[in-house]
file protein_18.cif (mmCIF, C-alpha atoms)
data_final
#
loop_
_atom_site.label_atom_id
_atom_site.label_comp_id
_atom_site.auth_asym_id
_atom_site.auth_seq_id
_atom_site.Cartn_x
_atom_site.Cartn_y
_atom_site.Cartn_z
CA MET A 353 51.42 -44.18 16.62
CA HIS A 354 54.74 -42.31 16.20
CA ALA A 355 54.76 -38.80 17.70
CA ASN A 356 55.84 -37.30 14.38
CA SER A 357 53.16 -39.15 12.47
CA ARG A 358 49.97 -38.40 14.34
CA ALA A 359 46.96 -39.18 12.25
CA MET A 360 43.40 -38.15 12.67
CA ARG A 361 40.57 -38.83 10.28
CA ARG A 362 37.28 -37.10 10.46
CA ARG A 363 34.28 -38.12 8.39
CA CYS A 364 31.15 -36.16 7.95
CA ILE A 365 27.90 -36.71 6.08
CA CYS A 366 25.54 -33.86 5.29
CA ALA A 367 21.92 -34.62 4.51
CA LEU A 368 21.05 -33.71 0.94
CA ALA A 369 18.53 -31.25 2.35
CA GLY A 370 21.53 -29.07 3.28
CA SER A 371 21.94 -29.56 7.03
CA ALA A 372 25.32 -28.52 8.38
CA ALA A 373 28.05 -31.04 9.21
CA ALA A 374 30.47 -30.43 12.02
CA SER A 375 33.57 -30.17 9.81
CA LEU A 376 32.16 -27.74 7.28
CA THR A 377 31.85 -24.01 7.66
CA VAL A 378 28.52 -23.64 5.84
CA PRO A 379 25.60 -25.93 5.04
CA TRP A 380 25.63 -27.49 1.57
CA ARG A 381 23.22 -28.72 -0.99
CA VAL A 382 25.00 -30.29 -3.96
CA PRO A 383 22.77 -30.85 -7.03
CA ALA A 384 22.63 -34.27 -8.66
CA ALA A 385 23.99 -33.10 -12.01
CA GLY A 386 27.59 -34.20 -12.39
CA LEU A 387 27.63 -36.07 -9.09
CA SER A 388 27.70 -39.77 -8.48
CA GLY A 389 24.24 -40.19 -7.07
CA GLN A 390 21.15 -38.85 -5.35
CA GLY A 391 19.29 -39.48 -2.14
CA ASP A 392 20.22 -40.99 1.18
CA ALA A 393 21.27 -44.38 -0.23
CA ASN A 394 23.83 -42.76 -2.50
CA ALA A 395 25.05 -40.49 0.30
CA VAL A 396 25.71 -43.59 2.37
CA SER A 397 27.47 -45.17 -0.61
CA ALA A 398 29.75 -42.15 -0.98
CA SER A 399 30.45 -42.17 2.75
CA GLU A 400 31.39 -45.84 2.66
CA GLU A 401 33.65 -45.31 -0.35
CA LEU A 402 35.57 -42.55 1.41
CA ARG A 403 35.66 -44.44 4.72
CA LEU A 404 37.41 -47.32 2.98
CA LEU A 405 39.77 -44.89 1.24
CA GLY A 406 40.83 -43.25 4.52
CA PRO A 407 43.45 -45.79 5.66
CA GLN A 408 45.17 -45.64 2.27
CA LEU A 409 45.37 -41.86 2.46
CA VAL A 410 46.86 -42.09 5.95
CA ALA A 411 49.46 -44.61 4.78
CA ILE A 412 50.55 -42.43 1.85
CA MET A 413 50.79 -39.31 3.98
CA ARG A 414 52.57 -41.01 6.87
CA ARG A 415 55.14 -42.54 4.52
CA HIS A 416 56.11 -39.15 3.11
CA VAL A 417 56.17 -37.54 6.56
CA ASN A 418 58.43 -40.33 7.84
CA LEU A 419 60.71 -39.94 4.81
CA GLY A 420 61.16 -36.30 5.79
CA TYR A 421 59.46 -34.73 2.78
CA THR A 422 57.07 -32.64 4.88
CA PRO A 423 56.49 -32.32 8.64
CA GLY A 424 52.75 -32.63 8.15
CA ALA A 425 49.86 -32.52 5.71
CA VAL A 426 46.10 -32.31 5.38
CA VAL A 427 44.17 -34.19 2.70
CA VAL A 428 40.45 -33.78 2.12
CA VAL A 429 38.52 -35.94 -0.33
CA ALA A 430 34.84 -35.24 -0.89
CA ARG A 431 32.23 -36.86 -3.07
CA GLY A 432 28.84 -35.24 -3.11
CA ASN A 433 28.10 -34.54 0.55
CA ALA A 434 30.49 -37.11 2.02
CA VAL A 435 33.87 -35.88 3.25
CA GLU A 436 37.00 -37.68 4.40
CA MET A 437 39.55 -35.38 6.03
CA THR A 438 42.92 -36.84 6.96
CA VAL A 439 45.57 -35.09 9.05
CA VAL A 440 49.12 -36.36 9.64
CA GLY A 441 52.19 -34.88 11.34
CA GLU A 442 53.08 -31.55 12.92
CA GLN A 443 52.87 -27.91 11.90
CA ALA A 444 56.65 -27.51 12.06
CA ARG A 445 59.76 -29.63 12.16
CA GLY A 446 61.33 -30.15 15.57
CA GLY A 447 60.28 -31.28 19.01
CA GLY A 448 57.26 -29.76 20.66
CA ALA A 449 55.56 -28.57 17.51
CA ALA A 450 51.78 -28.54 17.51
CA PRO A 451 50.06 -31.26 15.50
CA VAL A 452 48.53 -30.36 12.16
CA ARG A 453 44.77 -29.81 12.52
CA THR A 454 41.89 -29.79 10.12
CA ASP A 455 41.80 -25.99 10.50
CA SER A 456 45.57 -25.44 10.14
CA ILE A 457 46.32 -22.51 7.83
CA PHE A 458 48.47 -23.01 4.72
CA ARG A 459 49.92 -20.63 2.13
CA ILE A 460 47.99 -21.72 -0.96
CA SER A 461 49.89 -19.49 -3.43
CA SER A 462 48.64 -20.17 -6.99
CA MET A 463 45.41 -21.79 -5.80
CA THR A 464 44.52 -18.10 -5.39
CA LYS A 465 44.09 -17.79 -9.17
CA PRO A 466 40.74 -19.65 -9.49
CA ILE A 467 39.28 -17.55 -6.67
CA THR A 468 40.25 -14.30 -8.38
CA ALA A 469 38.80 -15.64 -11.64
CA ALA A 470 35.50 -16.44 -9.90
CA ALA A 471 35.33 -12.87 -8.55
CA ALA A 472 35.86 -11.58 -12.09
CA MET A 473 32.99 -13.70 -13.40
CA ILE A 474 30.71 -12.36 -10.66
CA LEU A 475 31.41 -8.82 -11.91
CA VAL A 476 30.83 -10.00 -15.49
CA GLU A 477 27.41 -11.35 -14.54
CA GLN A 478 26.61 -8.05 -12.87
CA GLY A 479 27.35 -6.28 -16.16
CA ARG A 480 30.31 -4.36 -14.77
CA LEU A 481 32.78 -6.09 -17.08
CA ARG A 482 32.58 -7.97 -20.37
CA LEU A 483 34.97 -10.72 -21.39
CA ARG A 484 35.83 -9.36 -24.84
CA ASP A 485 36.07 -5.68 -23.92
CA PRO A 486 39.51 -4.01 -23.78
CA ILE A 487 40.79 -3.28 -20.28
CA ASP A 488 42.17 0.12 -21.37
CA ARG A 489 39.33 2.04 -19.68
CA TRP A 490 40.31 0.66 -16.30
CA ILE A 491 44.01 -0.05 -16.87
CA PRO A 492 45.31 2.83 -19.02
CA GLU A 493 48.86 1.84 -18.03
CA LEU A 494 48.56 -1.08 -20.48
CA ALA A 495 46.87 0.78 -23.35
CA ASN A 496 48.56 1.22 -26.75
CA ARG A 497 51.00 -1.62 -26.22
CA ARG A 498 54.21 -2.35 -28.07
CA VAL A 499 55.30 -5.98 -28.46
CA LEU A 500 58.80 -7.45 -28.60
CA ARG A 501 59.72 -8.48 -32.12
CA GLU A 502 60.97 -11.79 -30.69
CA PRO A 503 61.61 -13.07 -27.12
CA ALA A 504 65.33 -12.23 -27.04
CA ALA A 505 64.89 -8.74 -28.55
CA GLU A 506 66.07 -5.56 -26.90
CA LEU A 507 63.30 -3.64 -25.21
CA ASP A 508 63.11 -1.04 -27.97
CA ASP A 509 62.91 -3.63 -30.76
CA THR A 510 59.13 -3.77 -30.90
CA VAL A 511 56.10 -3.74 -33.15
CA PRO A 512 52.61 -2.37 -32.39
CA ALA A 513 50.11 -4.63 -30.64
CA ARG A 514 47.48 -5.82 -33.10
CA ARG A 515 44.69 -5.29 -30.58
CA PRO A 516 44.14 -4.26 -26.94
CA ILE A 517 44.31 -6.65 -24.00
CA THR A 518 40.88 -7.93 -22.90
CA LEU A 519 39.53 -9.37 -19.67
CA GLU A 520 39.42 -12.78 -21.34
CA ASP A 521 43.15 -12.46 -22.12
CA LEU A 522 43.89 -11.96 -18.42
CA LEU A 523 41.76 -14.94 -17.38
CA THR A 524 43.30 -17.27 -19.95
CA PHE A 525 46.88 -16.00 -19.48
CA ARG A 526 47.11 -14.77 -23.05
CA CYS A 527 47.64 -11.10 -22.21
CA GLY A 528 51.21 -11.07 -23.55
CA LEU A 529 53.00 -10.90 -20.19
CA GLY A 530 54.04 -13.77 -17.94
CA ILE A 531 56.56 -16.45 -17.08
CA ARG A 532 58.30 -18.49 -19.77
CA LEU A 533 60.15 -21.42 -18.18
CA ALA A 534 61.84 -22.35 -21.43
CA VAL A 535 63.76 -19.09 -21.93
CA PRO A 536 66.94 -17.96 -20.15
CA ASP A 537 66.85 -15.25 -17.51
CA GLY A 538 69.45 -13.39 -19.51
CA TYR A 539 66.91 -12.06 -22.01
CA PRO A 540 66.65 -8.25 -21.81
CA ILE A 541 63.04 -8.29 -20.66
CA GLU A 542 63.77 -10.74 -17.83
CA ARG A 543 66.64 -8.52 -16.68
CA LYS A 544 64.37 -5.47 -16.74
CA ILE A 545 61.67 -7.26 -14.75
CA ALA A 546 64.23 -8.08 -12.07
CA GLU A 547 65.51 -4.50 -12.07
CA LEU A 548 61.98 -3.15 -11.58
CA GLN A 549 61.41 -5.62 -8.70
CA LEU A 550 58.11 -6.71 -10.20
CA VAL A 551 56.21 -9.44 -8.41
CA GLY A 552 54.09 -11.62 -10.65
CA PHE A 553 56.99 -13.15 -12.57
CA GLY A 554 58.10 -15.57 -9.87
CA PRO A 555 57.13 -16.82 -6.39
CA PRO A 556 54.69 -14.76 -4.29
CA ASP A 557 56.24 -11.97 -2.26
CA PRO A 558 53.88 -10.54 0.36
CA ALA A 559 56.77 -8.39 1.62
CA SER A 560 56.88 -6.36 -1.61
CA ALA A 561 56.63 -2.65 -0.84
CA LEU A 562 54.93 -1.78 -4.14
CA SER A 563 51.29 -0.75 -4.07
CA PRO A 564 49.04 -2.10 -6.84
CA ASP A 565 49.15 1.26 -8.65
CA GLU A 566 52.95 1.50 -8.36
CA TRP A 567 53.31 -2.06 -9.59
CA LEU A 568 51.10 -1.39 -12.59
CA GLN A 569 52.94 1.83 -13.44
CA ARG A 570 56.22 -0.07 -13.55
CA LEU A 571 54.68 -2.91 -15.51
CA GLY A 572 53.42 -0.39 -18.06
CA THR A 573 57.00 0.58 -18.94
CA LEU A 574 57.57 -2.88 -20.42
CA PRO A 575 56.68 -4.07 -23.89
CA LEU A 576 54.56 -7.19 -24.18
CA MET A 577 56.33 -10.50 -24.72
CA ALA A 578 53.73 -11.67 -27.23
CA GLN A 579 50.73 -10.34 -29.11
CA PRO A 580 47.52 -10.35 -27.03
CA GLY A 581 45.69 -13.65 -27.46
CA GLU A 582 48.56 -15.50 -29.13
CA ALA A 583 50.70 -17.14 -26.41
CA TRP A 584 49.98 -18.73 -23.03
CA LEU A 585 52.27 -17.08 -20.46
CA TYR A 586 51.91 -18.09 -16.84
CA ASN A 587 51.01 -16.08 -13.75
CA THR A 588 51.09 -12.35 -14.47
CA GLY A 589 47.57 -12.19 -15.92
CA SER A 590 46.11 -12.94 -12.47
CA TYR A 591 48.11 -10.11 -10.88
CA ILE A 592 46.83 -7.62 -13.48
CA LEU A 593 43.34 -9.07 -13.03
CA GLY A 594 43.43 -8.37 -9.30
CA VAL A 595 44.21 -4.70 -9.91
CA LEU A 596 41.53 -4.48 -12.60
CA LEU A 597 38.89 -5.86 -10.24
CA THR A 598 39.74 -3.33 -7.53
CA ARG A 599 39.35 -0.45 -9.96
CA VAL A 600 36.08 -1.73 -11.37
CA ALA A 601 34.58 -2.48 -7.94
CA GLY A 602 36.02 0.57 -6.18
CA ALA A 603 37.28 -1.62 -3.33
CA SER A 604 40.55 -3.26 -2.34
CA LEU A 605 41.04 -6.83 -3.49
CA PRO A 606 40.80 -8.21 0.09
CA GLU A 607 37.51 -6.39 0.59
CA LEU A 608 36.15 -7.44 -2.81
CA LEU A 609 36.98 -11.12 -2.29
CA ARG A 610 35.62 -11.04 1.25
CA ARG A 611 32.26 -9.64 0.19
CA ARG A 612 31.84 -11.45 -3.13
CA VAL A 613 33.40 -14.86 -2.42
CA PHE A 614 34.56 -15.61 1.11
CA GLU A 615 31.51 -14.52 3.09
CA PRO A 616 28.93 -16.11 0.74
CA LEU A 617 30.87 -19.39 0.79
CA GLY A 618 31.66 -19.34 4.50
CA MET A 619 35.43 -19.20 3.86
CA LYS A 620 36.17 -17.61 7.23
CA ASP A 621 39.91 -18.39 7.35
CA THR A 622 40.91 -17.34 3.83
CA GLY A 623 42.67 -14.03 3.26
CA PHE A 624 45.92 -12.29 2.40
CA TYR A 625 47.41 -12.53 5.88
CA VAL A 626 46.99 -14.35 9.19
CA PRO A 627 45.83 -12.21 12.14
CA ALA A 628 48.02 -12.36 15.23
CA SER A 629 45.28 -14.19 17.14
CA GLN A 630 45.41 -17.05 14.60
CA LEU A 631 49.17 -17.36 14.00
CA SER A 632 49.29 -20.53 16.11
CA ARG A 633 47.35 -22.23 13.30
CA LEU A 634 49.76 -21.18 10.51
CA VAL A 635 52.08 -24.02 9.53
CA SER A 636 55.75 -23.45 8.84
CA ALA A 637 56.88 -23.60 5.22
CA TYR A 638 60.00 -25.38 3.95
CA ARG A 639 61.96 -25.68 0.73
CA LEU A 640 64.06 -28.62 -0.42
CA GLU A 641 67.84 -28.29 -0.64
CA ALA A 642 69.84 -31.36 -1.61
CA GLY A 643 66.89 -33.51 -0.60
CA ARG A 644 66.53 -31.95 2.85
CA THR A 645 63.93 -29.50 4.09
CA VAL A 646 65.14 -26.00 4.97
CA LEU A 647 62.94 -23.43 6.69
CA TYR A 648 61.40 -20.97 4.21
CA ASP A 649 58.82 -19.10 6.32
CA ALA A 650 58.05 -19.48 10.03
CA PRO A 651 54.83 -18.20 11.65
CA GLY A 652 56.60 -15.98 14.18
CA ALA A 653 58.42 -14.03 11.45
CA SER A 654 56.12 -14.80 8.55
CA ALA A 655 55.69 -12.46 5.61
CA TRP A 656 52.01 -13.46 5.82
CA GLN A 657 51.43 -12.07 9.34
CA GLN A 658 50.41 -8.58 8.24
CA PRO A 659 48.36 -7.08 5.39
CA PRO A 660 50.52 -6.82 2.24
CA ALA A 661 51.06 -3.56 0.39
CA PHE A 662 50.15 -5.43 -2.80
CA PRO A 663 47.46 -8.09 -2.23
CA ASP A 664 48.10 -10.11 -5.36
CA GLY A 665 45.35 -12.00 -7.14
CA GLY A 666 47.73 -14.66 -8.41
CA ALA A 667 49.31 -16.22 -5.34
CA GLY A 668 48.70 -14.16 -2.22
CA LEU A 669 46.14 -16.11 -0.20
CA VAL A 670 46.30 -18.32 2.87
CA SER A 671 43.49 -20.79 3.52
CA THR A 672 42.40 -24.05 5.14
CA ALA A 673 41.28 -27.39 3.75
CA GLU A 674 37.69 -26.77 4.85
CA ASP A 675 37.58 -23.33 3.25
CA TYR A 676 38.96 -24.50 -0.05
CA LEU A 677 36.56 -27.43 -0.09
CA ALA A 678 33.75 -24.88 0.10
CA PHE A 679 35.12 -23.20 -3.02
CA SER A 680 35.52 -26.50 -4.87
CA ARG A 681 31.97 -27.59 -4.08
CA PHE A 682 30.68 -24.20 -5.19
CA LEU A 683 32.14 -24.78 -8.67
CA LEU A 684 31.05 -28.43 -8.81
CA SER A 685 27.51 -27.32 -7.97
CA GLY A 686 27.44 -25.04 -11.01
CA GLY A 687 27.85 -21.86 -9.00
CA ARG A 688 25.14 -22.50 -6.38
CA ILE A 689 25.41 -22.16 -2.63
CA VAL A 690 22.68 -23.21 -0.21
CA GLY A 691 19.93 -22.99 -2.78
CA ARG A 692 20.90 -19.73 -4.47
CA ALA A 693 23.13 -18.95 -7.44
CA LEU A 694 26.34 -16.99 -6.88
CA LEU A 695 27.32 -17.72 -10.50
CA ARG A 696 25.32 -19.08 -13.40
CA PRO A 697 26.14 -22.63 -14.56
CA ALA A 698 27.17 -21.24 -17.96
CA SER A 699 29.80 -19.03 -16.31
CA VAL A 700 31.21 -21.96 -14.33
CA GLU A 701 31.25 -24.10 -17.48
CA THR A 702 33.24 -21.40 -19.30
CA MET A 703 35.68 -21.07 -16.41
CA THR A 704 36.31 -24.81 -16.25
CA ARG A 705 36.58 -25.48 -20.00
CA ASP A 706 39.93 -25.55 -21.79
CA GLN A 707 40.36 -22.29 -23.71
CA LEU A 708 43.73 -22.96 -25.37
CA THR A 709 44.72 -23.99 -28.87
CA ALA A 710 46.80 -27.13 -29.36
CA MET A 711 49.85 -24.96 -30.01
CA GLN A 712 49.31 -22.97 -26.82
CA ARG A 713 48.87 -26.15 -24.77
CA ALA A 714 52.11 -27.54 -26.18
CA ALA A 715 54.01 -24.33 -25.43
CA GLY A 716 52.58 -24.27 -21.89
CA ALA A 717 53.41 -27.92 -21.17
CA PRO A 718 56.57 -27.13 -19.13
CA ILE A 719 54.25 -25.55 -16.53
CA LEU A 720 50.86 -27.13 -17.25
CA GLY A 721 52.15 -30.66 -17.78
CA SER A 722 51.05 -32.95 -20.58
CA GLY A 723 47.36 -33.47 -21.23
CA ARG A 724 46.32 -30.22 -19.56
CA GLY A 725 44.86 -27.01 -20.91
CA TRP A 726 43.75 -23.81 -19.20
CA GLY A 727 40.36 -22.31 -18.48
CA PHE A 728 39.88 -19.15 -16.44
CA GLY A 729 42.46 -19.11 -13.65
CA MET A 730 42.80 -22.90 -13.51
CA SER A 731 43.98 -25.91 -15.49
CA VAL A 732 41.70 -28.40 -17.20
CA VAL A 733 42.65 -32.03 -17.85
CA THR A 734 42.14 -32.65 -21.57
CA GLN A 735 43.51 -36.20 -21.72
CA PRO A 736 43.60 -38.97 -19.08
CA HIS A 737 46.44 -38.07 -16.73
CA ALA A 738 49.34 -40.33 -15.76
CA ALA A 739 48.37 -39.85 -12.10
CA GLY A 740 44.86 -41.11 -12.80
CA LEU A 741 43.05 -37.80 -13.26
CA PRO A 742 40.18 -38.23 -15.72
CA SER A 743 39.50 -35.87 -18.61
CA GLY A 744 37.37 -32.92 -17.59
CA CYS A 745 38.93 -32.48 -14.14
CA PHE A 746 39.79 -28.92 -13.26
CA GLY A 747 41.85 -27.30 -10.52
CA TRP A 748 45.33 -26.00 -9.94
CA ASN A 749 48.45 -26.26 -7.82
CA GLY A 750 50.07 -23.95 -5.29
CA GLY A 751 53.85 -24.01 -5.57
CA LEU A 752 54.23 -23.55 -1.81
CA GLY A 753 52.94 -27.09 -1.32
CA SER A 754 49.27 -27.47 -2.26
CA THR A 755 47.09 -29.00 -4.98
CA TRP A 756 43.37 -29.01 -5.79
CA VAL A 757 41.44 -31.22 -8.22
CA ALA A 758 37.69 -31.24 -8.85
CA ASP A 759 36.04 -33.84 -11.08
CA PRO A 760 32.58 -32.91 -12.38
CA GLY A 761 32.12 -36.44 -13.72
CA SER A 762 32.15 -38.06 -10.27
CA GLY A 763 31.56 -35.04 -8.05
CA ARG A 764 34.88 -35.61 -6.26
CA SER A 765 37.09 -32.89 -4.80
CA VAL A 766 40.67 -33.63 -3.70
CA ILE A 767 42.70 -31.04 -1.78
CA VAL A 768 46.24 -31.76 -0.60
CA LEU A 769 48.01 -29.25 1.67
CA THR A 770 51.66 -29.76 2.66
CA GLU A 771 54.38 -27.61 4.17
CA THR A 772 57.03 -28.10 1.47
CA LEU A 773 57.53 -25.99 -1.65
CA PHE A 774 57.52 -27.70 -5.04
CA SER A 775 60.96 -28.07 -6.61
CA SER A 776 59.47 -28.13 -10.13
CA PRO A 777 56.09 -27.40 -11.75
CA THR A 778 55.25 -31.10 -11.53
CA PRO A 779 53.43 -31.87 -8.26
CA PRO A 780 55.53 -34.08 -5.94
CA ALA A 781 54.94 -37.80 -5.42
CA LEU A 782 52.76 -37.33 -2.34
CA HIS A 783 50.17 -35.39 -4.34
CA GLN A 784 50.19 -37.76 -7.30
CA GLU A 785 49.88 -40.83 -5.09
CA ILE A 786 46.82 -39.30 -3.43
CA TRP A 787 45.29 -38.67 -6.87
CA ARG A 788 45.88 -42.27 -7.91
CA ALA A 789 44.38 -43.56 -4.69
CA VAL A 790 41.23 -41.53 -5.30
CA PHE A 791 40.75 -41.89 -9.04
CA THR A 792 42.46 -45.20 -9.88
CA PRO A 793 42.48 -47.07 -6.54
CA GLY A 794 43.80 -50.32 -8.02
CA VAL A 795 47.06 -48.72 -9.22
CA ILE A 796 48.92 -48.30 -5.91
#
call {"tool": "encode", "arguments": {"input": "protein_18.cif", "output": "structure tokens"}}
result
Amino acid sequence: MHANSRAMRRRCICALAGSAAASLTVPWRVPAAGLSGQGDANAVSASEELRLLGPQLVAIMRRHVNLGYTPGAVVVVARGNAVEMTVVGEQARGGGAAPVRTDSIFRISSMTKPITAAAAMILVEQGRLRLRDPIDRWIPELANRRVLREPAAELDDTVPARRPITLEDLLTFRCGLGIRLAVPDGYPIERKIAELQLVGFGPPDPASALSPDEWLQRLGTLPLMAQPGEAWLYNTGSYILGVLLTRVAGASLPELLRRRVFEPLGMKDTGFYVPASQLSRLVSAYRLEAGRTVLYDAPGASAWQQPPAFPDGGAGLVSTAEDYLAFSRFLLSGGRIVGRALLRPASVETMTRDQLTAMQRAAGAPILGSGRGWGFGMSVVTQPHAAGLPSGCFGWNGGLGSTWVADPGSGRSVIVLTETLFSSPTPPALHQEIWRAVFTPGVI
């Protein structure tokens, strides 16, 4: 095997009774509802299915590594309690780099959004928040909003907001603030956002010096881009949501996520930065320039090697394949972990159901892609996808090189972690080929 294309596959089967498997961080019991089968015979069937899929995953990954798209990648495919984890390549480009491992740490960027949404739903179930209530009590900076008369308007050409922003607006990205890919950066509000150095309207920036309160104060000087509830605008809702959760819970967002999500799910390597003792596991990150990879962030000088001033709930996390699989299985199980409920099935169903109107889906297509809607912090496939994804799948992508898909119909989870930033909202070929291999295996 070529030195730059090292491959390792690890398979693990957990007994349905919930015994721990070596590659997972916590024991699992996945209920039969929505999964492909029950009992030992079906567990063996799932294991055999994924065992046969493994060589195809390796071939896809190795081809893209050899073509120079990414130095390395991790792919995990799970069905029920069977897991196939495939690792190819190195953690950085250049001689002497360490091989990618199953516990290598990746910057998952926008795959942060579903985790923040889950934390919000936990507080909703505790009665500390309600979906339809205005956020003004907790976020007075965004009370009594004015709204641009039209997208290109000057900042003082506004009308009153017809109603306050609600928690549901933040979760569904209909709060009136966010990214519009289809409008030029020359609009007055885009220029003002750049002047205020506001994260949340572009790629993640863990080096931002703004605290959450400072960020929100600056954000509150802007008018809304659209009336609350009317337009789907990407990204910024999750950043506001993160600040809201800290104020409601009386804890920082890292502490809140650790206590409410990471510790219960056994996500021991997920957080807003990588401790010095674990930096050897952080992969390098690259961007594409003229078809070639250029270093974007190296572990030794990484912006993710210290706690950020603003831990953002939209794109700030780092994680591993095993950790994110724990989160995916938690949602596929209807909110249960090891025999107890962290969320009610009804809450998970609401999170993973498309919440958009047809007009909102169409307007969001430049980012969402065709045949996709949006639930709470994640996309939902509403029509069979060109890459083989069936209707009802949910998940989301991280623009720094990662994707996640969960299919409640078959119980499958697919997580793809690479080291190369997306050059457009459409996931690169490597990701889509993995999806086809898993969901439509006769296509490739």
call {"tool": "atom_distance", "arguments": {"input": "protein_18.cif", "atom1": "CA of Leu752 in chain A", "atom2": "CA of Gln735 in chain A"}}
result
25.9 Å
call {"tool": "closest_residue", "arguments": {"input": "protein_18.cif", "among": "A:Pro659, A:Gly552, A:Pro466, A:Pro606", "to": "Met703 in chain A", "atoms": "all atoms listed in the file"}}
result
A:Pro466
call {"tool": "atom_distance", "arguments": {"input": "protein_18.cif", "atom1": "CA of Ala673 in chain A", "atom2": "CA of Gly447 in chain A"}}
result
24.7 Å
call {"tool": "resolve_selection", "arguments": {"input": "protein_18.cif", "expression": "the PyMOL selection byres ((chain A and resi 404-406) around 10)", "output": "list of chain:residue names"}}
result
A:Met360, A:Arg361, A:Arg362, A:Arg363, A:Ser399, A:Glu400, A:Glu401, A:Leu402, A:Arg403, A:Pro407, A:Gln408, A:Leu409, A:Val410, A:Ala411, A:Val427, A:Val428, A:Val429, A:Glu436, A:Met437, A:Thr438, A:Ala789, A:Val790, A:Pro793
call {"tool": "closest_atom_pairs", "arguments": {"input": "protein_18.cif", "of": "range 642-756 of chain A", "to": "range 481-496 of chain A", "cutoff": "12 Å", "atoms": "all atoms listed in the file", "output": "Markdown table"}}
result
| residue | atom | partner | partner_atom | distance |
| --- | --- | --- | --- | --- |
| A:Ser699 | CA | A:Leu483 | CA | 11.0 |
| A:Thr702 | CA | A:Leu483 | CA | 11.0 |
| A:Met703 | CA | A:Leu483 | CA | 11.5 |
| A:Phe728 | CA | A:Leu483 | CA | 10.9 |
call {"tool": "resolve_selection", "arguments": {"input": "protein_18.cif", "expression": "the PyMOL selection byres ((chain A and resi 422) around 8)", "output": "PDB file with C-alpha atoms, in the coordinates of the input"}}
result
ATOM      1  CA  HIS A 416      56.110 -39.150   3.110  1.00  0.00           C
ATOM      2  CA  VAL A 417      56.170 -37.540   6.560  1.00  0.00           C
ATOM      3  CA  GLY A 420      61.160 -36.300   5.790  1.00  0.00           C
ATOM      4  CA  TYR A 421      59.460 -34.730   2.780  1.00  0.00           C
ATOM      5  CA  PRO A 423      56.490 -32.320   8.640  1.00  0.00           C
ATOM      6  CA  GLY A 424      52.750 -32.630   8.150  1.00  0.00           C
ATOM      7  CA  ALA A 425      49.860 -32.520   5.710  1.00  0.00           C
ATOM      8  CA  TYR A 638      60.000 -25.380   3.950  1.00  0.00           C
ATOM      9  CA  THR A 645      63.930 -29.500   4.090  1.00  0.00           C
ATOM     10  CA  THR A 770      51.660 -29.760   2.660  1.00  0.00           C
ATOM     11  CA  GLU A 771      54.380 -27.610   4.170  1.00  0.00           C
ATOM     12  CA  THR A 772      57.030 -28.100   1.470  1.00  0.00           C
TER      13      THR A 772
END
call {"tool": "atom_distance", "arguments": {"input": "protein_18.cif", "atom1": "CA of Asp649 in chain A", "atom2": "CA of Ala637 in chain A"}}
result
5.0 Å
call {"tool": "residues_around", "arguments": {"input": "protein_18.cif", "residues": "range 581-588 of chain A", "least_positions_apart": "6", "cutoff": "8 Å", "atoms": "all atoms listed in the file", "output": "list in words"}}
result
Ile517, Asp521, Thr524, Phe525, Arg526, Cys527, Gly528, Leu529, Gly530, Ile531, Arg532, Gly552, Phe553, Gly666, Leu708, Gln712, Arg713, Ala715, Gly716 and Ile719 of chain A
call {"tool": "resolve_selection", "arguments": {"input": "protein_18.cif", "expression": "the PyMOL selection byres ((chain A and resi 730) around 8)", "output": "PDB file with C-alpha atoms, in the coordinates of the input"}}
result
ATOM      1  CA  LYS A 465      44.090 -17.790  -9.170  1.00  0.00           C
ATOM      2  CA  PRO A 466      40.740 -19.650  -9.490  1.00  0.00           C
ATOM      3  CA  MET A 703      35.680 -21.070 -16.410  1.00  0.00           C
ATOM      4  CA  THR A 704      36.310 -24.810 -16.250  1.00  0.00           C
ATOM      5  CA  TRP A 726      43.750 -23.810 -19.200  1.00  0.00           C
ATOM      6  CA  GLY A 727      40.360 -22.310 -18.480  1.00  0.00           C
ATOM      7  CA  PHE A 728      39.880 -19.150 -16.440  1.00  0.00           C
ATOM      8  CA  GLY A 729      42.460 -19.110 -13.650  1.00  0.00           C
ATOM      9  CA  SER A 731      43.980 -25.910 -15.490  1.00  0.00           C
ATOM     10  CA  VAL A 732      41.700 -28.400 -17.200  1.00  0.00           C
ATOM     11  CA  PHE A 746      39.790 -28.920 -13.260  1.00  0.00           C
ATOM     12  CA  GLY A 747      41.850 -27.300 -10.520  1.00  0.00           C
ATOM     13  CA  TRP A 748      45.330 -26.000  -9.940  1.00  0.00           C
TER      14      TRP A 748
END
call {"tool": "residues_around", "arguments": {"input": "protein_18.cif", "residues": "range 756-769 of chain A", "least_positions_apart": "3", "cutoff": "8 Å", "atoms": "all atoms listed in the file", "output": "JSON, numbers by chain"}}
result
{"A": [386, 387, 388, 425, 426, 427, 428, 429, 430, 431, 432, 458, 460, 463, 673, 676, 677, 680, 681, 684, 742, 744, 745, 746, 747, 748, 749, 753, 783, 787]}
call {"tool": "closest_residue", "arguments": {"input": "protein_18.cif", "among": "A:Ala398, A:Val440, A:Leu631, A:Ile467", "to": "Arg414 in chain A", "atoms": "only C-alpha atoms"}}
result
A:Val440
